[in-house]
Amino acid sequence: MGKSRTVRVARWSAEHPVRALIGWFVFVALCLGAGSLAGTNSATVADHWVGEAGRADAMAAAGGLQRKPIEQITIAARSGPLDQARAEAAAAEVASRMEALPAVETVAPPVRSADGSMLRVEVTMKGPDEAADEQIDSLLALTEQVQQRHPLLLVAETGNVSTSAGVDQQRGDDLALSEAITLPVTLITLLVVFGSVLMAGVPLLLALSSIAAAMGLSMLVSHVVPDVGVGNNIILLIGMAVGVDYALFYLKREREERERADGRLGSAAIVGLAAETAGRTVVVSGIAVIVSAATLYLAADVIFSSLATGTITVVLVSVVSSVTALPALLVVLSRRAERRAKPAKLKKVRSGRIWDAMLRPAAKRPVLTLCVSVGILLLLSLPVLGMQMRVLNQDSHSREIPAMRTFDRMTAAFPELRTRHGVVVRAAPADAGAVRAALADLGRRVQGDPLFMAPAQPQASWDGRVSMLQIPVPFKTSSAEAARSLTHLRSDYVPAAFRALPGVEVAVSGDVAHDVDYLAHQNGKLPLVITALLVLTFVVSVVVFRSVVIGLVGVALNLLSAAASMGLLVIFFQFGLASTLFGFDPSATSAIGSRVPLFLFVILFGLSMDYQMFVVSRIREAALRGVPTRQAVLQGVGQSAKVVTSAAIVMVTVFATFMFLHLAEMKQIGFSLAVAVLLDAFVIRVLILPAALSLLGRATWWPSRLMHRTDPPTTPIPVRQTDPVG
């Protein structure tokens, strides 16, 4: 929105509150309705292909050799040795009934484990994984029926499709749990701030309606940028944070204008005046968050694109609600209060003794405050140098998912099913015989290596152009042994086996290869994303505040806040402190999820820019009124202190609830965001920022000539608060 358009929209909403509110809720309903009709376009397997593993998968798919959706039905004894006769009867029943299901393509004969403790029936479903996802319930229901008919046995199912269904179910349950915790705590926080149930409900209502609209819009957008399944989690996470944040800031400004008017202006006029400052600042803050999140698209990865889309959608909707529905709602509530004989006075939002005490170090000893605060954050940042990242896969999934418990039992009995490398070869049909010989040679080479198990029989496409050899690895996907096996396969065994066939194309895929190549792809894009983020946030700050110094200070403080929070992330999750203190599963705390640092870095920059806009805009307003810079800094921070604190408490509550979800990456994201907001609100904005700007003095506003003319003033300038972004 343009500068004047923001004010015009907010003023129109304040003057026509009923129409504005009806329009807003119609918009929310349309978003939900359109999204429901369009449905969610989920990312396909092909959307995740990167690197050599992606090329191998593409070749395999072209030859019809892509991995099919396979479910394993396991049959074991509940205790003691397995009764073979009972197990075979159950296996026969599973096979015959599975074959009758429309979703099933083939059922393989039962396979007995080497130790005789388990029978396994392999069921291949029709179509790709995406189609199988919609049919998996029928297989799971049948497996449960067979279990009930054989109570002395343990009949269970696992596979990529059933695991995915279990993860989706757990994610939905987690989302409901997060909402159940977040909403009451947020309401209590807002009640403390406003002392009024009605006023406390305003930010909550707007945040929830914005989240609902964003979820509907995200379904539509998913047909352009496919959703990877975490969109709603991110929309809830960011939507509650920024929605309440923007509403609090606007409400603070409206209250100041009401106090200044002292009954001389009507509600619509007061809300319109608040829009001249708060409305523009909210819009600019939202743009800053959107710009930060948009840099994730540069990662050229469907997961980061999905995260960026969710963040951008909910922030954009929250900004729109703040300049349309919020002014209208404030006018409606104010008129309701004005009709009472004794209107209820809202609590004044002012900094008190606690905040005066917290600001005193920066005011009295800025050099010491700056050195000590920065030194502590730098110490907290040091563990980042030892950060170990890995792709969080099935090894880190919660074992509360039944399919994962079954997977663990199955791979203990059938270690060859833990993970596999797939060597894919594409060559001319005339070379088919030579390719078969090379694959046979490759199989002989790896059999003597303890990192591998006996390969399966090679497969070939109908035209002989594409061939594939599956090589089992008896180690977990995330293990160091599995990674070494991939390195040896790609660097030693494959080149040696295909040395005599220089014209063929060979690539290695599989779960280990996917993770290794994905991490390499992400690390390769990291410099581009970080550079773009730093440049764009700097430019936004310079444009908004007309100050290069403010832009540099903002980038430096954001870097410091992000580094310190990620240092604590390493301490708690990689070093295992979270397992000790919170009892988290060690599988979620042995390493940092590969996607977590980049996502956190970008989102933390966006949220820090939020606080930067709110606080520095107040400082700039004071400076424009002729207040000397050092005094303006303390005044601006003090005026915004309670609003920033209240918003921070809400954000921390929202983010902290994600620590207790099951997905390891969401735990880590929630922890880091909560810590970063605390550091930003209570260290960066209260200690470091005022100390730094106080020391800089006039230089804070360089190269702005306006500030040089007003600092120091000859006489106080009795000007009402001016536009913080003009």
# chains A, B, ... in the order shown; residues from 1 in each chain; ligands from 1
call {"tool": "residues_around", "arguments": {"residues": "Thr186 (chain A)", "least_positions_apart": "4", "cutoff": "7 Å", "atoms": "only C-alpha atoms", "output": "JSON, numbers by chain"}}
result
{"A": [182, 190, 650]}
call {"tool": "atom_distance", "arguments": {"atom1": "CA of Pro151 (chain A)", "atom2": "CA of Gln169 (chain A)"}}
result
25.7 Å
call {"tool": "residues_around", "arguments": {"residues": "Arg390 (chain A)", "least_positions_apart": "3", "cutoff": "8 Å", "atoms": "only C-alpha atoms", "output": "PDB file with N, CA, C and O atoms, in the first residue's frame"}}
result
ATOM      1  N   SER A 478      20.701 -42.120   8.940  1.00  0.00           N
ATOM      2  CA  SER A 478      21.466 -40.975   9.432  1.00  0.00           C
ATOM      3  C   SER A 478      22.819 -41.354  10.018  1.00  0.00           C
ATOM      4  O   SER A 478      23.536 -40.473  10.501  1.00  0.00           O
ATOM      5  N   ASP A 515      19.497 -37.313   1.362  1.00  0.00           N
ATOM      6  CA  ASP A 515      19.853 -36.436   2.474  1.00  0.00           C
ATOM      7  C   ASP A 515      21.171 -35.717   2.223  1.00  0.00           C
ATOM      8  O   ASP A 515      21.295 -34.506   2.457  1.00  0.00           O
ATOM      9  N   LEU A 519      21.444 -31.609   1.626  1.00  0.00           N
ATOM     10  CA  LEU A 519      22.240 -30.750   2.497  1.00  0.00           C
ATOM     11  C   LEU A 519      23.278 -29.974   1.685  1.00  0.00           C
ATOM     12  O   LEU A 519      23.510 -28.780   1.919  1.00  0.00           O
ATOM     13  N   ALA A 591      21.387 -33.611  16.654  1.00  0.00           N
ATOM     14  CA  ALA A 591      21.903 -32.718  15.622  1.00  0.00           C
ATOM     15  C   ALA A 591      20.831 -31.690  15.298  1.00  0.00           C
ATOM     16  O   ALA A 591      19.675 -31.813  15.710  1.00  0.00           O
ATOM     17  N   ILE A 592      21.231 -30.677  14.557  1.00  0.00           N
ATOM     18  CA  ILE A 592      20.306 -29.607  14.174  1.00  0.00           C
ATOM     19  C   ILE A 592      19.728 -29.932  12.804  1.00  0.00           C
ATOM     20  O   ILE A 592      20.463 -30.276  11.875  1.00  0.00           O
ATOM     21  N   GLY A 593      18.420 -29.843  12.688  1.00  0.00           N
ATOM     22  CA  GLY A 593      17.770 -30.095  11.406  1.00  0.00           C
ATOM     23  C   GLY A 593      18.338 -29.192  10.324  1.00  0.00           C
ATOM     24  O   GLY A 593      18.534 -27.995  10.534  1.00  0.00           O
ATOM     25  N   SER A 594      18.607 -29.757   9.173  1.00  0.00           N
ATOM     26  CA  SER A 594      19.302 -29.013   8.114  1.00  0.00           C
ATOM     27  C   SER A 594      18.547 -27.765   7.679  1.00  0.00           C
ATOM     28  O   SER A 594      19.151 -26.776   7.268  1.00  0.00           O
TER      29      SER A 594
END
call {"tool": "residues_around", "arguments": {"residues": "region 684-691 of chain A", "least_positions_apart": "4", "cutoff": "6 Å", "atoms": "only C-alpha atoms", "output": "JSON, numbers by chain"}}
result
{"A": [362, 366, 370, 633, 680]}
call {"tool": "closest_residue", "arguments": {"among": "A:Leu119, A:Val167, A:Ile70, A:Val544", "to": "Gln84 (chain A)", "atoms": "only C-alpha atoms"}}
result
A:Leu119
